[in-house]
file start-v4.pdb (PDB, C-alpha atoms and all ligand atoms)
ATOM      1  CA  MET A   1     -53.645 -56.913 -14.304
ATOM      2  CA  ILE A   2     -56.318 -59.439 -15.179
ATOM      3  CA  GLU A   3     -59.571 -59.096 -13.252
ATOM      4  CA  ARG A   4     -61.723 -62.157 -13.116
ATOM      5  CA  GLU A   5     -64.891 -63.028 -11.197
ATOM      6  CA  LEU A   6     -68.074 -64.773 -12.259
ATOM      7  CA  ASN A   7     -70.818 -62.188 -12.747
ATOM      8  CA  PHE A   8     -73.358 -63.887 -10.508
ATOM      9  CA  GLU A   9     -71.013 -64.953  -7.708
ATOM     10  CA  GLY A  10     -69.094 -62.995  -5.094
ATOM     11  CA  ASN A  11     -70.061 -59.764  -3.377
ATOM     12  CA  ARG A  12     -69.127 -57.095  -5.883
ATOM     13  CA  PRO A  13     -72.042 -54.936  -7.080
ATOM     14  CA  LEU A  14     -73.396 -55.380 -10.597
ATOM     15  CA  LEU A  15     -75.055 -52.984 -13.025
ATOM     16  CA  TYR A  16     -77.648 -54.481 -15.356
ATOM     17  CA  LEU A  17     -77.981 -53.004 -18.849
ATOM     18  CA  VAL A  18     -81.457 -53.931 -20.031
ATOM     19  CA  ALA A  19     -82.467 -54.273 -23.689
ATOM     20  CA  THR A  20     -86.077 -53.168 -24.181
ATOM     21  CA  PRO A  21     -88.631 -53.647 -27.005
ATOM     22  CA  ILE A  22     -88.123 -51.734 -30.270
ATOM     23  CA  GLY A  23     -91.852 -51.725 -30.974
ATOM     24  CA  ASN A  24     -93.522 -54.932 -29.922
ATOM     25  CA  LEU A  25     -93.994 -55.094 -26.172
ATOM     26  CA  SER A  26     -94.159 -58.883 -26.110
ATOM     27  CA  GLU A  27     -90.461 -58.820 -26.879
ATOM     28  CA  PHE A  28     -89.699 -57.644 -23.353
ATOM     29  CA  THR A  29     -88.099 -60.767 -21.909
ATOM     30  CA  SER A  30     -89.365 -62.457 -18.773
ATOM     31  CA  ARG A  31     -85.796 -62.333 -17.432
ATOM     32  CA  ALA A  32     -85.687 -58.540 -17.819
ATOM     33  CA  ILE A  33     -89.059 -58.200 -16.083
ATOM     34  CA  GLU A  34     -87.998 -60.487 -13.224
ATOM     35  CA  ILE A  35     -84.753 -58.599 -12.625
ATOM     36  CA  LEU A  36     -86.408 -55.189 -12.885
ATOM     37  CA  LYS A  37     -88.910 -56.270 -10.216
ATOM     38  CA  GLU A  38     -85.983 -56.951  -7.886
ATOM     39  CA  THR A  39     -84.001 -53.767  -8.467
ATOM     40  CA  ASP A  40     -84.077 -50.798  -6.089
ATOM     41  CA  TYR A  41     -83.668 -48.150  -8.835
ATOM     42  CA  VAL A  42     -84.184 -47.981 -12.568
ATOM     43  CA  ALA A  43     -81.894 -45.573 -14.372
ATOM     44  CA  ALA A  44     -83.281 -44.558 -17.757
ATOM     45  CA  GLU A  45     -82.576 -42.367 -20.783
ATOM     46  CA  ASP A  46     -86.141 -41.043 -20.629
ATOM     47  CA  THR A  47     -87.808 -41.725 -17.294
ATOM     48  CA  ARG A  48     -91.327 -40.924 -18.554
ATOM     49  CA  HIS A  49     -91.014 -43.274 -21.526
ATOM     50  CA  SER A  50     -89.527 -46.094 -19.436
ATOM     51  CA  GLY A  51     -92.037 -45.417 -16.632
ATOM     52  CA  GLU A  52     -94.878 -46.112 -19.061
ATOM     53  CA  LEU A  53     -93.201 -49.280 -20.304
ATOM     54  CA  LEU A  54     -92.602 -50.623 -16.803
ATOM     55  CA  ALA A  55     -96.126 -49.687 -15.651
ATOM     56  CA  ARG A  56     -97.489 -52.052 -18.322
ATOM     57  CA  PHE A  57     -95.644 -54.858 -16.584
ATOM     58  CA  GLY A  58     -96.750 -53.786 -13.112
ATOM     59  CA  ILE A  59     -93.319 -52.448 -12.156
ATOM     60  CA  ASN A  60     -93.049 -49.227 -10.229
ATOM     61  CA  LYS A  61     -89.561 -48.186  -9.105
ATOM     62  CA  PRO A  62     -87.770 -44.958  -8.292
ATOM     63  CA  PHE A  63     -86.173 -43.621 -11.471
ATOM     64  CA  ILE A  64     -82.846 -41.915 -12.098
ATOM     65  CA  SER A  65     -82.554 -39.909 -15.281
ATOM     66  CA  CYS A  66     -79.356 -40.731 -17.202
ATOM     67  CA  HIS A  67     -79.084 -39.475 -20.759
ATOM     68  CA  GLU A  68     -76.554 -38.242 -23.309
ATOM     69  CA  HIS A  69     -76.252 -34.822 -21.649
ATOM     70  CA  ASN A  70     -75.903 -35.834 -17.976
ATOM     71  CA  GLU A  71     -74.364 -39.302 -18.203
ATOM     72  CA  GLU A  72     -71.251 -38.199 -16.317
ATOM     73  CA  GLU A  73     -73.008 -36.821 -13.187
ATOM     74  CA  ALA A  74     -75.854 -39.346 -13.256
ATOM     75  CA  GLY A  75     -73.249 -42.091 -13.691
ATOM     76  CA  GLU A  76     -71.543 -40.934 -10.477
ATOM     77  CA  LYS A  77     -74.841 -41.155  -8.609
ATOM     78  CA  ILE A  78     -75.538 -44.644  -9.989
ATOM     79  CA  VAL A  79     -72.032 -45.866  -9.093
ATOM     80  CA  ASN A  80     -72.460 -44.591  -5.512
ATOM     81  CA  LEU A  81     -75.822 -46.332  -5.162
ATOM     82  CA  LEU A  82     -74.336 -49.600  -6.459
ATOM     83  CA  LEU A  83     -71.346 -49.299  -4.110
ATOM     84  CA  SER A  84     -73.724 -48.709  -1.180
ATOM     85  CA  GLY A  85     -75.390 -52.051  -1.904
ATOM     86  CA  LYS A  86     -78.403 -50.927  -3.950
ATOM     87  CA  LYS A  87     -79.494 -52.798  -7.077
ATOM     88  CA  VAL A  88     -79.659 -50.652 -10.204
ATOM     89  CA  ALA A  89     -80.618 -51.439 -13.819
ATOM     90  CA  TYR A  90     -80.179 -49.091 -16.789
ATOM     91  CA  MET A  91     -82.340 -48.879 -19.915
ATOM     92  CA  SER A  92     -82.418 -46.611 -22.940
ATOM     93  CA  ASP A  93     -85.606 -45.814 -24.879
ATOM     94  CA  ALA A  94     -85.522 -48.909 -27.091
ATOM     95  CA  GLY A  95     -83.271 -51.821 -27.946
ATOM     96  CA  TYR A  96     -79.859 -52.162 -26.336
ATOM     97  CA  PRO A  97     -78.461 -49.350 -24.252
ATOM     98  CA  VAL A  98     -75.035 -48.264 -25.609
ATOM     99  CA  ILE A  99     -75.878 -49.131 -29.259
ATOM    100  CA  SER A 100     -76.482 -45.648 -30.743
ATOM    101  CA  ASP A 101     -77.820 -44.835 -27.289
ATOM    102  CA  PRO A 102     -76.392 -43.704 -23.935
ATOM    103  CA  GLY A 103     -74.899 -46.195 -21.500
ATOM    104  CA  GLU A 104     -71.308 -46.616 -22.645
ATOM    105  CA  ARG A 105     -69.861 -44.009 -20.281
ATOM    106  CA  LEU A 106     -71.906 -45.464 -17.436
ATOM    107  CA  ALA A 107     -70.684 -49.010 -18.135
ATOM    108  CA  LYS A 108     -67.081 -47.784 -18.369
ATOM    109  CA  LYS A 109     -67.364 -45.861 -15.099
ATOM    110  CA  CYS A 110     -68.759 -48.923 -13.324
ATOM    111  CA  ILE A 111     -65.976 -51.175 -14.653
ATOM    112  CA  GLU A 112     -63.328 -48.659 -13.552
ATOM    113  CA  ARG A 113     -64.812 -48.603 -10.042
ATOM    114  CA  GLY A 114     -64.870 -52.393  -9.666
ATOM    115  CA  ILE A 115     -68.575 -52.825 -10.424
ATOM    116  CA  LYS A 116     -69.531 -55.726 -12.675
ATOM    117  CA  VAL A 117     -71.693 -55.151 -15.749
ATOM    118  CA  SER A 118     -74.160 -57.592 -17.262
ATOM    119  CA  THR A 119     -76.484 -57.094 -20.228
ATOM    120  CA  LEU A 120     -79.975 -58.564 -20.345
ATOM    121  CA  SER A 121     -80.368 -59.536 -24.012
ATOM    122  CA  GLY A 122     -83.300 -58.477 -26.122
ATOM    123  CA  PRO A 123     -84.318 -56.735 -29.347
ATOM    124  CA  ASN A 124     -81.917 -54.729 -31.499
ATOM    125  CA  ALA A 125     -82.976 -52.944 -34.680
ATOM    126  CA  ALA A 126     -79.685 -53.461 -36.571
ATOM    127  CA  LEU A 127     -79.528 -57.226 -36.132
ATOM    128  CA  ASN A 128     -83.238 -57.639 -36.748
ATOM    129  CA  ALA A 129     -82.895 -55.773 -40.080
ATOM    130  CA  LEU A 130     -79.728 -57.612 -41.104
ATOM    131  CA  THR A 131     -81.120 -61.087 -40.509
ATOM    132  CA  SER A 132     -84.196 -60.470 -42.697
ATOM    133  CA  SER A 133     -82.292 -58.460 -45.316
ATOM    134  CA  GLY A 134     -81.141 -61.436 -47.360
ATOM    135  CA  LEU A 135     -77.782 -59.666 -47.786
ATOM    136  CA  ASP A 136     -74.443 -61.230 -46.870
ATOM    137  CA  SER A 137     -74.391 -61.535 -43.095
ATOM    138  CA  ARG A 138     -71.077 -63.369 -42.662
ATOM    139  CA  HIS A 139     -69.297 -60.047 -42.297
ATOM    140  CA  PHE A 140     -71.080 -56.815 -41.524
ATOM    141  CA  TYR A 141     -70.200 -53.313 -40.390
ATOM    142  CA  PHE A 142     -72.441 -51.277 -38.106
ATOM    143  CA  GLU A 143     -72.264 -47.577 -38.934
ATOM    144  CA  GLY A 144     -75.343 -46.454 -36.981
ATOM    145  CA  PHE A 145     -76.310 -42.810 -37.568
ATOM    146  CA  LEU A 146     -74.405 -40.829 -40.183
ATOM    147  CA  PRO A 147     -73.502 -37.217 -39.329
ATOM    148  CA  SER A 148     -76.487 -34.894 -39.735
ATOM    149  CA  LYS A 149     -74.427 -32.205 -41.504
ATOM    150  CA  ARG A 150     -74.524 -32.979 -45.217
ATOM    151  CA  SER A 151     -70.869 -32.271 -46.004
ATOM    152  CA  GLU A 152     -69.740 -34.524 -43.129
ATOM    153  CA  ARG A 153     -72.245 -37.197 -44.137
ATOM    154  CA  LYS A 154     -70.885 -37.261 -47.683
ATOM    155  CA  LYS A 155     -67.317 -37.493 -46.388
ATOM    156  CA  GLU A 156     -68.213 -40.355 -44.063
ATOM    157  CA  LEU A 157     -69.963 -42.221 -46.905
ATOM    158  CA  GLN A 158     -66.858 -41.827 -49.080
ATOM    159  CA  SER A 159     -64.829 -43.447 -46.312
ATOM    160  CA  LEU A 160     -67.186 -46.453 -46.376
ATOM    161  CA  LYS A 161     -66.907 -46.969 -50.123
ATOM    162  CA  LYS A 162     -64.155 -49.569 -49.944
ATOM    163  CA  ARG A 163     -65.772 -51.656 -47.224
ATOM    164  CA  GLU A 164     -66.555 -55.120 -48.504
ATOM    165  CA  GLU A 165     -68.868 -56.024 -45.612
ATOM    166  CA  THR A 166     -72.617 -55.399 -45.566
ATOM    167  CA  ILE A 167     -73.164 -51.980 -43.929
ATOM    168  CA  ILE A 168     -75.956 -51.182 -41.463
ATOM    169  CA  PHE A 169     -77.214 -47.632 -40.904
ATOM    170  CA  TYR A 170     -79.797 -46.069 -38.608
ATOM    171  CA  GLU A 171     -81.711 -43.085 -39.951
ATOM    172  CA  SER A 172     -84.614 -40.889 -38.933
ATOM    173  CA  PRO A 173     -87.568 -40.278 -41.285
ATOM    174  CA  HIS A 174     -86.926 -36.537 -41.719
ATOM    175  CA  ARG A 175     -83.472 -37.111 -43.204
ATOM    176  CA  ILE A 176     -84.087 -40.342 -45.080
ATOM    177  CA  MET A 177     -84.395 -38.936 -48.646
ATOM    178  CA  ASP A 178     -81.270 -36.758 -48.375
ATOM    179  CA  THR A 179     -79.373 -39.677 -46.909
ATOM    180  CA  LEU A 180     -80.487 -42.079 -49.650
ATOM    181  CA  GLU A 181     -79.372 -39.572 -52.295
ATOM    182  CA  ASP A 182     -75.975 -39.192 -50.633
ATOM    183  CA  MET A 183     -75.643 -42.965 -50.340
ATOM    184  CA  PHE A 184     -76.441 -43.449 -54.040
ATOM    185  CA  GLU A 185     -73.951 -40.755 -55.012
ATOM    186  CA  ALA A 186     -71.145 -42.135 -52.830
ATOM    187  CA  LEU A 187     -71.694 -45.889 -53.003
ATOM    188  CA  GLY A 188     -73.314 -46.333 -56.428
ATOM    189  CA  ASP A 189     -76.290 -48.478 -57.374
ATOM    190  CA  ARG A 190     -75.879 -51.209 -54.774
ATOM    191  CA  LYS A 191     -78.465 -53.672 -53.517
ATOM    192  CA  ALA A 192     -80.074 -52.372 -50.341
ATOM    193  CA  VAL A 193     -82.937 -52.965 -47.939
ATOM    194  CA  ILE A 194     -84.922 -50.459 -45.901
ATOM    195  CA  ALA A 195     -86.325 -52.175 -42.806
ATOM    196  CA  ARG A 196     -89.162 -50.063 -41.451
ATOM    197  CA  GLU A 197     -91.167 -50.247 -38.230
ATOM    198  CA  LEU A 198     -89.572 -53.521 -37.162
ATOM    199  CA  THR A 199     -91.608 -55.787 -34.875
ATOM    200  CA  LYS A 200     -94.617 -53.419 -35.173
ATOM    201  CA  SER A 201     -97.863 -54.239 -37.006
ATOM    202  CA  HIS A 202     -96.745 -52.103 -40.001
ATOM    203  CA  GLU A 203     -93.313 -53.731 -40.337
ATOM    204  CA  GLU A 204     -92.025 -53.482 -43.914
ATOM    205  CA  PHE A 205     -88.926 -54.542 -45.833
ATOM    206  CA  ILE A 206     -88.296 -52.497 -48.986
ATOM    207  CA  ARG A 207     -85.838 -54.395 -51.181
ATOM    208  CA  GLY A 208     -84.165 -52.877 -54.216
ATOM    209  CA  THR A 209     -81.129 -50.796 -55.098
ATOM    210  CA  LEU A 210     -80.006 -47.357 -53.926
ATOM    211  CA  GLY A 211     -80.753 -45.991 -57.410
ATOM    212  CA  GLU A 212     -84.330 -47.216 -57.100
ATOM    213  CA  PHE A 213     -84.713 -45.954 -53.542
ATOM    214  CA  VAL A 214     -84.050 -42.315 -54.474
ATOM    215  CA  THR A 215     -87.290 -42.426 -56.490
ATOM    216  CA  LEU A 216     -89.411 -43.540 -53.508
ATOM    217  CA  ASP A 217     -92.224 -41.310 -52.298
ATOM    218  CA  PRO A 218     -90.985 -39.766 -48.989
ATOM    219  CA  GLU A 219     -94.546 -39.966 -47.665
ATOM    220  CA  THR A 220     -94.197 -43.747 -47.655
ATOM    221  CA  LEU A 221     -90.984 -43.642 -45.611
ATOM    222  CA  ARG A 222     -92.403 -42.805 -42.212
ATOM    223  CA  GLY A 223     -91.535 -44.309 -38.854
ATOM    224  CA  GLU A 224     -88.301 -45.896 -37.708
ATOM    225  CA  MET A 225     -85.860 -47.279 -40.233
ATOM    226  CA  VAL A 226     -82.706 -49.274 -40.666
ATOM    227  CA  ILE A 227     -80.886 -49.248 -44.008
ATOM    228  CA  VAL A 228     -78.813 -52.294 -44.913
ATOM    229  CA  ILE A 229     -76.518 -51.987 -47.939
ATOM    230  CA  GLU A 230     -74.412 -54.610 -49.671
ATOM    231  CA  GLY A 231     -70.655 -54.206 -49.378
ATOM    232  CA  GLY A 232     -68.444 -52.890 -52.160
ATOM    233  CA  ILE A 233     -66.492 -55.029 -54.576
ATOM    234  CA  VAL A 234     -62.914 -53.947 -54.176
ATOM    235  CA  GLU A 235     -60.927 -54.615 -57.300
ATOM    236  CA  GLU A 236     -57.359 -55.588 -56.610
ATOM    237  CA  GLU A 237     -54.956 -53.026 -57.922
ATOM    238  CA  LYS A 238     -52.696 -54.523 -60.572
ATOM    239  CA  LEU A 239     -49.043 -54.057 -59.702
ATOM    240  CA  SER A 240     -47.171 -52.073 -62.321
ATOM    241  CA  ASP A 241     -43.975 -53.519 -63.879
ATOM    242  CA  GLU A 242     -42.002 -50.652 -62.318
ATOM    243  CA  LYS A 243     -43.370 -51.491 -58.868
ATOM    244  CA  ILE A 244     -42.445 -55.192 -59.272
ATOM    245  CA  ILE A 245     -38.884 -54.284 -60.305
ATOM    246  CA  SER A 246     -38.477 -51.855 -57.403
ATOM    247  CA  LEU A 247     -39.697 -54.526 -54.952
ATOM    248  CA  ILE A 248     -37.087 -56.974 -56.332
ATOM    249  CA  GLU A 249     -34.364 -54.329 -56.125
ATOM    250  CA  GLU A 250     -35.246 -53.577 -52.499
ATOM    251  CA  LYS A 251     -34.843 -57.228 -51.579
ATOM    252  CA  ILE A 252     -31.518 -57.488 -53.450
ATOM    253  CA  LYS A 253     -30.304 -54.398 -51.569
ATOM    254  CA  GLU A 254     -31.247 -56.144 -48.328
ATOM    255  CA  GLY A 255     -28.775 -58.858 -49.338
ATOM    256  CA  LYS A 256     -31.010 -61.424 -51.005
ATOM    257  CA  ARG A 257     -29.950 -63.308 -54.129
ATOM    258  CA  ALA A 258     -31.849 -62.369 -57.299
ATOM    259  CA  LYS A 259     -33.689 -65.727 -57.525
ATOM    260  CA  GLU A 260     -34.732 -65.516 -53.883
ATOM    261  CA  ALA A 261     -35.949 -61.924 -54.308
ATOM    262  CA  VAL A 262     -37.961 -62.884 -57.416
ATOM    263  CA  ALA A 263     -39.552 -65.855 -55.639
ATOM    264  CA  GLU A 264     -40.532 -63.737 -52.633
ATOM    265  CA  VAL A 265     -42.000 -60.864 -54.682
ATOM    266  CA  ALA A 266     -43.995 -63.368 -56.761
ATOM    267  CA  LYS A 267     -45.372 -65.095 -53.643
ATOM    268  CA  GLU A 268     -46.126 -61.925 -51.659
ATOM    269  CA  ASN A 269     -48.022 -60.333 -54.562
ATOM    270  CA  GLY A 270     -49.697 -63.372 -56.095
ATOM    271  CA  VAL A 271     -47.918 -62.935 -59.444
ATOM    272  CA  PRO A 272     -46.526 -65.953 -61.383
ATOM    273  CA  LYS A 273     -42.802 -66.468 -60.655
ATOM    274  CA  ASN A 274     -41.878 -66.867 -64.337
ATOM    275  CA  ALA A 275     -43.459 -63.522 -65.206
ATOM    276  CA  VAL A 276     -41.583 -61.766 -62.377
ATOM    277  CA  TYR A 277     -38.308 -63.421 -63.406
ATOM    278  CA  SER A 278     -38.699 -62.447 -67.086
ATOM    279  CA  LEU A 279     -39.415 -58.892 -66.036
ATOM    280  CA  TYR A 280     -36.324 -58.875 -63.850
ATOM    281  CA  LEU A 281     -34.112 -60.234 -66.658
ATOM    282  CA  ALA A 282     -35.509 -57.738 -69.177
ATOM    283  CA  ASN A 283     -34.723 -54.819 -66.870
ATOM    284  CA  LYS A 284     -31.399 -55.986 -65.466
ATOM    285  CA  ASP A 285     -28.615 -53.609 -66.419
TER     286      ASP A 285
HETATM  287  N1  LIG B   1     -80.461 -48.909 -29.096
HETATM  288  C1  LIG B   1     -81.284 -49.189 -30.227
HETATM  289  C2  LIG B   1     -80.994 -50.592 -30.760
HETATM  290  O1  LIG B   1     -80.387 -51.403 -30.036
HETATM  291  O2  LIG B   1     -81.412 -50.923 -31.869
HETATM  292  C3  LIG B   1     -81.129 -48.116 -31.295
HETATM  293  C4  LIG B   1     -81.511 -46.752 -30.804
HETATM  294  S1  LIG B   1     -81.298 -45.481 -32.001
HETATM  295  C5  LIG B   1     -81.435 -44.066 -30.983
HETATM  296  C6  LIG B   1     -82.844 -45.408 -32.817
HETATM  297  C7  LIG B   1     -82.747 -45.853 -34.270
HETATM  298  O3  LIG B   1     -82.791 -47.278 -34.338
HETATM  299  C8  LIG B   1     -83.910 -45.399 -35.127
HETATM  300  O4  LIG B   1     -83.695 -44.102 -35.654
HETATM  301  C9  LIG B   1     -83.918 -46.437 -36.227
HETATM  302  O5  LIG B   1     -82.927 -46.168 -37.185
HETATM  303  C10 LIG B   1     -83.557 -47.682 -35.433
HETATM  304  N2  LIG B   1     -84.762 -48.354 -34.933
HETATM  305  C11 LIG B   1     -85.191 -48.427 -33.652
HETATM  306  N3  LIG B   1     -86.351 -49.120 -33.588
HETATM  307  C12 LIG B   1     -86.662 -49.482 -34.851
HETATM  308  C13 LIG B   1     -87.732 -50.193 -35.443
HETATM  309  N4  LIG B   1     -88.737 -50.675 -34.730
HETATM  310  N5  LIG B   1     -87.711 -50.386 -36.787
HETATM  311  C14 LIG B   1     -86.712 -49.901 -37.532
HETATM  312  N6  LIG B   1     -85.689 -49.211 -37.037
HETATM  313  C15 LIG B   1     -85.650 -49.002 -35.714
END
call {"tool": "encode", "arguments": {"input": "start-v4.pdb", "output": "structure tokens", "more": "lines below"}}
Ligand code: SAM
result
Amino acid sequence: MIERELNFEGNRPLLYLVATPIGNLSEFTSRAIEILKETDYVAAEDTRHSGELLARFGINKPFISCHEHNEEEAGEKIVNLLLSGKKVAYMSDAGYPVISDPGERLAKKCIERGIKVSTLSGPNAALNALTSSGLDSRHFYFEGFLPSKRSERKKELQSLKKREETIIFYESPHRIMDTLEDMFEALGDRKAVIARELTKSHEEFIRGTLGEFVTLDPETLRGEMVIVIEGGIVEEEKLSDEKIISLIEEKIKEGKRAKEAVAEVAKENGVPKNAVYSLYLANKD
């Protein structure tokens, strides 16, 4: 059943997901500040952290703690407040809630209970890093954090090897060197960018290759970081002669005439028709 209602019309309650600064406080939007001033409750991943942020903008609201470990129960409380007519907004520590942060289960719960959800746009570390990376941004893949266990991290990196899109990772400073080594080992010497301390006064873009990055001094890789890596070049596998013949035979078995089967195999596999036909003739018994 399709559900449809404009977000800012009608009487159904609405949860705001609020994107917050990733470093530079002037990136807190005036829309977010206005809406937060009107809400009855602010639900937050870390109430102390968000309390300090809101205090800077003269906002003082009752907080509800809602983080990775209590999202289910806190979500229930938030849903009940919204259903009773209260206005509630949710924020994580930085950037967009939900993106490598809590909020997804809360949003899902609200949607299931007929509550509308609207996101107040703002800063996001992944997109900020990608846009300044100079790497192909037409297609990109957001990986976020890799597993912290090394064996799982290596396995996950192997699974990304064939991706042709630019890949975006989040990483913490205490794991960065191990992660860069694993990336170099799994993905090879690709072009990459480390975007550090985005929007802050010490913002830095380190541009090079993964092979060069493993030689960096860890002391210089402090703070928050996004790693953007160019996609892989996937070489098309050349079809073997045996495979081409078996594809033709399959089509003939399905009832197709030989010429038709040859034409289809050539077209479907991007191989010249003459070459496929010669191969067929040479192997016909
Ligand atoms: N929800 C956030 C977003 O929308 O970007 C991401 C939160 S995730 C828990 C935190 C990670 O985001 C950090 O470990 C780092 O990889 C990245 N990050 C956050 N702020 C950053 C900044 N100012 N500069 C670089 N990376 C940042």
call {"tool": "axis_aligned_box", "arguments": {"input": "start-v4.pdb", "around": "segment 8-13 of chain A", "padding_each_side": "6 Å", "output": "lines of an AutoDock Vina configuration file"}}
result
center_x = -71.2
center_y = -59.9
center_z = -6.9
size_x = 16.3
size_y = 22.0
size_z = 19.1
call {"tool": "atom_distance", "arguments": {"input": "start-v4.pdb", "atom1": "atom CA of Leu221 of chain A", "atom2": "atom CA of Ala129 of chain A"}}
result
15.6 Å
call {"tool": "residues_near_ligand", "arguments": {"input": "start-v4.pdb", "ligand": "ligand LIG 1 (chain B)", "cutoff": "6 Å", "atoms": "all atoms listed in the file", "output": "PyMOL selection string"}}
result
chain A and resi 22-23+94-97+99-101+124-126+170-172+195-199+224-226
call {"tool": "resolve_selection", "arguments": {"input": "start-v4.pdb", "expression": "the PyMOL selection byres (((chain A and resi 86) around 12) and not hetatm)", "output": "ChimeraX atom specification"}}
result
/A:12-16,38-42,62,77-85,87-89,115
call {"tool": "residues_around", "arguments": {"input": "start-v4.pdb", "residues": "segment 232-249 of chain A", "least_positions_apart": "6", "cutoff": "9 Å", "atoms": "all atoms listed in the file", "output": "ChimeraX atom specification"}}
result
/A:160-166,187,190,258,261-262,264-266,269,271,276,279-280,283
call {"tool": "write_last_selection", "arguments": {"input": "start-v4.pdb", "atoms": "C-alpha atoms", "output": "PDB file, in the coordinates of the input"}}
result
ATOM      1  CA  LEU A 160     -67.186 -46.453 -46.376  1.00  0.00           C
ATOM      2  CA  LYS A 161     -66.907 -46.969 -50.123  1.00  0.00           C
ATOM      3  CA  LYS A 162     -64.155 -49.569 -49.944  1.00  0.00           C
ATOM      4  CA  ARG A 163     -65.772 -51.656 -47.224  1.00  0.00           C
ATOM      5  CA  GLU A 164     -66.555 -55.120 -48.504  1.00  0.00           C
ATOM      6  CA  GLU A 165     -68.868 -56.024 -45.612  1.00  0.00           C
ATOM      7  CA  THR A 166     -72.617 -55.399 -45.566  1.00  0.00           C
ATOM      8  CA  LEU A 187     -71.694 -45.889 -53.003  1.00  0.00           C
ATOM      9  CA  ARG A 190     -75.879 -51.209 -54.774  1.00  0.00           C
ATOM     10  CA  ALA A 258     -31.849 -62.369 -57.299  1.00  0.00           C
ATOM     11  CA  ALA A 261     -35.949 -61.924 -54.308  1.00  0.00           C
ATOM     12  CA  VAL A 262     -37.961 -62.884 -57.416  1.00  0.00           C
ATOM     13  CA  GLU A 264     -40.532 -63.737 -52.633  1.00  0.00           C
ATOM     14  CA  VAL A 265     -42.000 -60.864 -54.682  1.00  0.00           C
ATOM     15  CA  ALA A 266     -43.995 -63.368 -56.761  1.00  0.00           C
ATOM     16  CA  ASN A 269     -48.022 -60.333 -54.562  1.00  0.00           C
ATOM     17  CA  VAL A 271     -47.918 -62.935 -59.444  1.00  0.00           C
ATOM     18  CA  VAL A 276     -41.583 -61.766 -62.377  1.00  0.00           C
ATOM     19  CA  LEU A 279     -39.415 -58.892 -66.036  1.00  0.00           C
ATOM     20  CA  TYR A 280     -36.324 -58.875 -63.850  1.00  0.00           C
ATOM     21  CA  ASN A 283     -34.723 -54.819 -66.870  1.00  0.00           C
TER      22      ASN A 283
END
call {"tool": "atom_distance", "arguments": {"input": "start-v4.pdb", "atom1": "atom CA of Asp46 of chain A", "atom2": "atom CA of Tyr90 of chain A"}}
result
10.7 Å
call {"tool": "atom_distance", "arguments": {"input": "start-v4.pdb", "atom1": "atom CA of Ser148 of chain A", "atom2": "atom CA of Val18 of chain A"}}
result
27.8 Å
call {"tool": "closest_residue", "arguments": {"input": "start-v4.pdb", "among": "A:Ser133, A:Asp189, A:Gly103, A:Ser50", "to": "Phe205 of chain A", "atoms": "all atoms listed in the file"}}
result
A:Ser133
call {"tool": "resolve_selection", "arguments": {"input": "start-v4.pdb", "expression": "the PyMOL selection byres (((chain A and resi 25) around 10) and not hetatm)", "output": "list in words"}}
result
Thr20, Pro21, Ile22, Gly23, Asn24, Ser26, Glu27, Phe28, Thr29, Leu53, Arg56, Phe57, Thr199 and Lys200 of chain A
call {"tool": "closest_residue", "arguments": {"input": "start-v4.pdb", "among": "A:Ser159, A:Ser121, A:Thr220, A:Thr131", "to": "Glu143 of chain A", "atoms": "only C-alpha atoms"}}
result
A:Ser159
call {"tool": "resolve_selection", "arguments": {"input": "start-v4.pdb", "expression": "the PyMOL selection byres (((chain A and resi 142) around 6) and not hetatm)", "output": "list in words"}}
result
Tyr141, Glu143, Gly144, Ile167 and Ile168 of chain A
call {"tool": "write_last_selection", "arguments": {"input": "start-v4.pdb", "atoms": "C-alpha atoms", "output": "PDB file, keeping the file's coordinate frame"}}
result
ATOM      1  CA  TYR A 141     -70.200 -53.313 -40.390  1.00  0.00           C
ATOM      2  CA  GLU A 143     -72.264 -47.577 -38.934  1.00  0.00           C
ATOM      3  CA  GLY A 144     -75.343 -46.454 -36.981  1.00  0.00           C
ATOM      4  CA  ILE A 167     -73.164 -51.980 -43.929  1.00  0.00           C
ATOM      5  CA  ILE A 168     -75.956 -51.182 -41.463  1.00  0.00           C
TER       6      ILE A 168
END
call {"tool": "closest_residue", "arguments": {"input": "start-v4.pdb", "among": "A:Asn128, A:Ser118, A:Thr179, A:Ser92", "to": "Phe8 of chain A", "atoms": "all atoms listed in the file"}}
result
A:Ser118
call {"tool": "closest_residue", "arguments": {"input": "start-v4.pdb", "among": "A:Ile227, A:Leu180, A:Asn70, A:Gln158", "to": "Leu130 of chain A", "atoms": "all atoms listed in the file"}}
result
A:Ile227
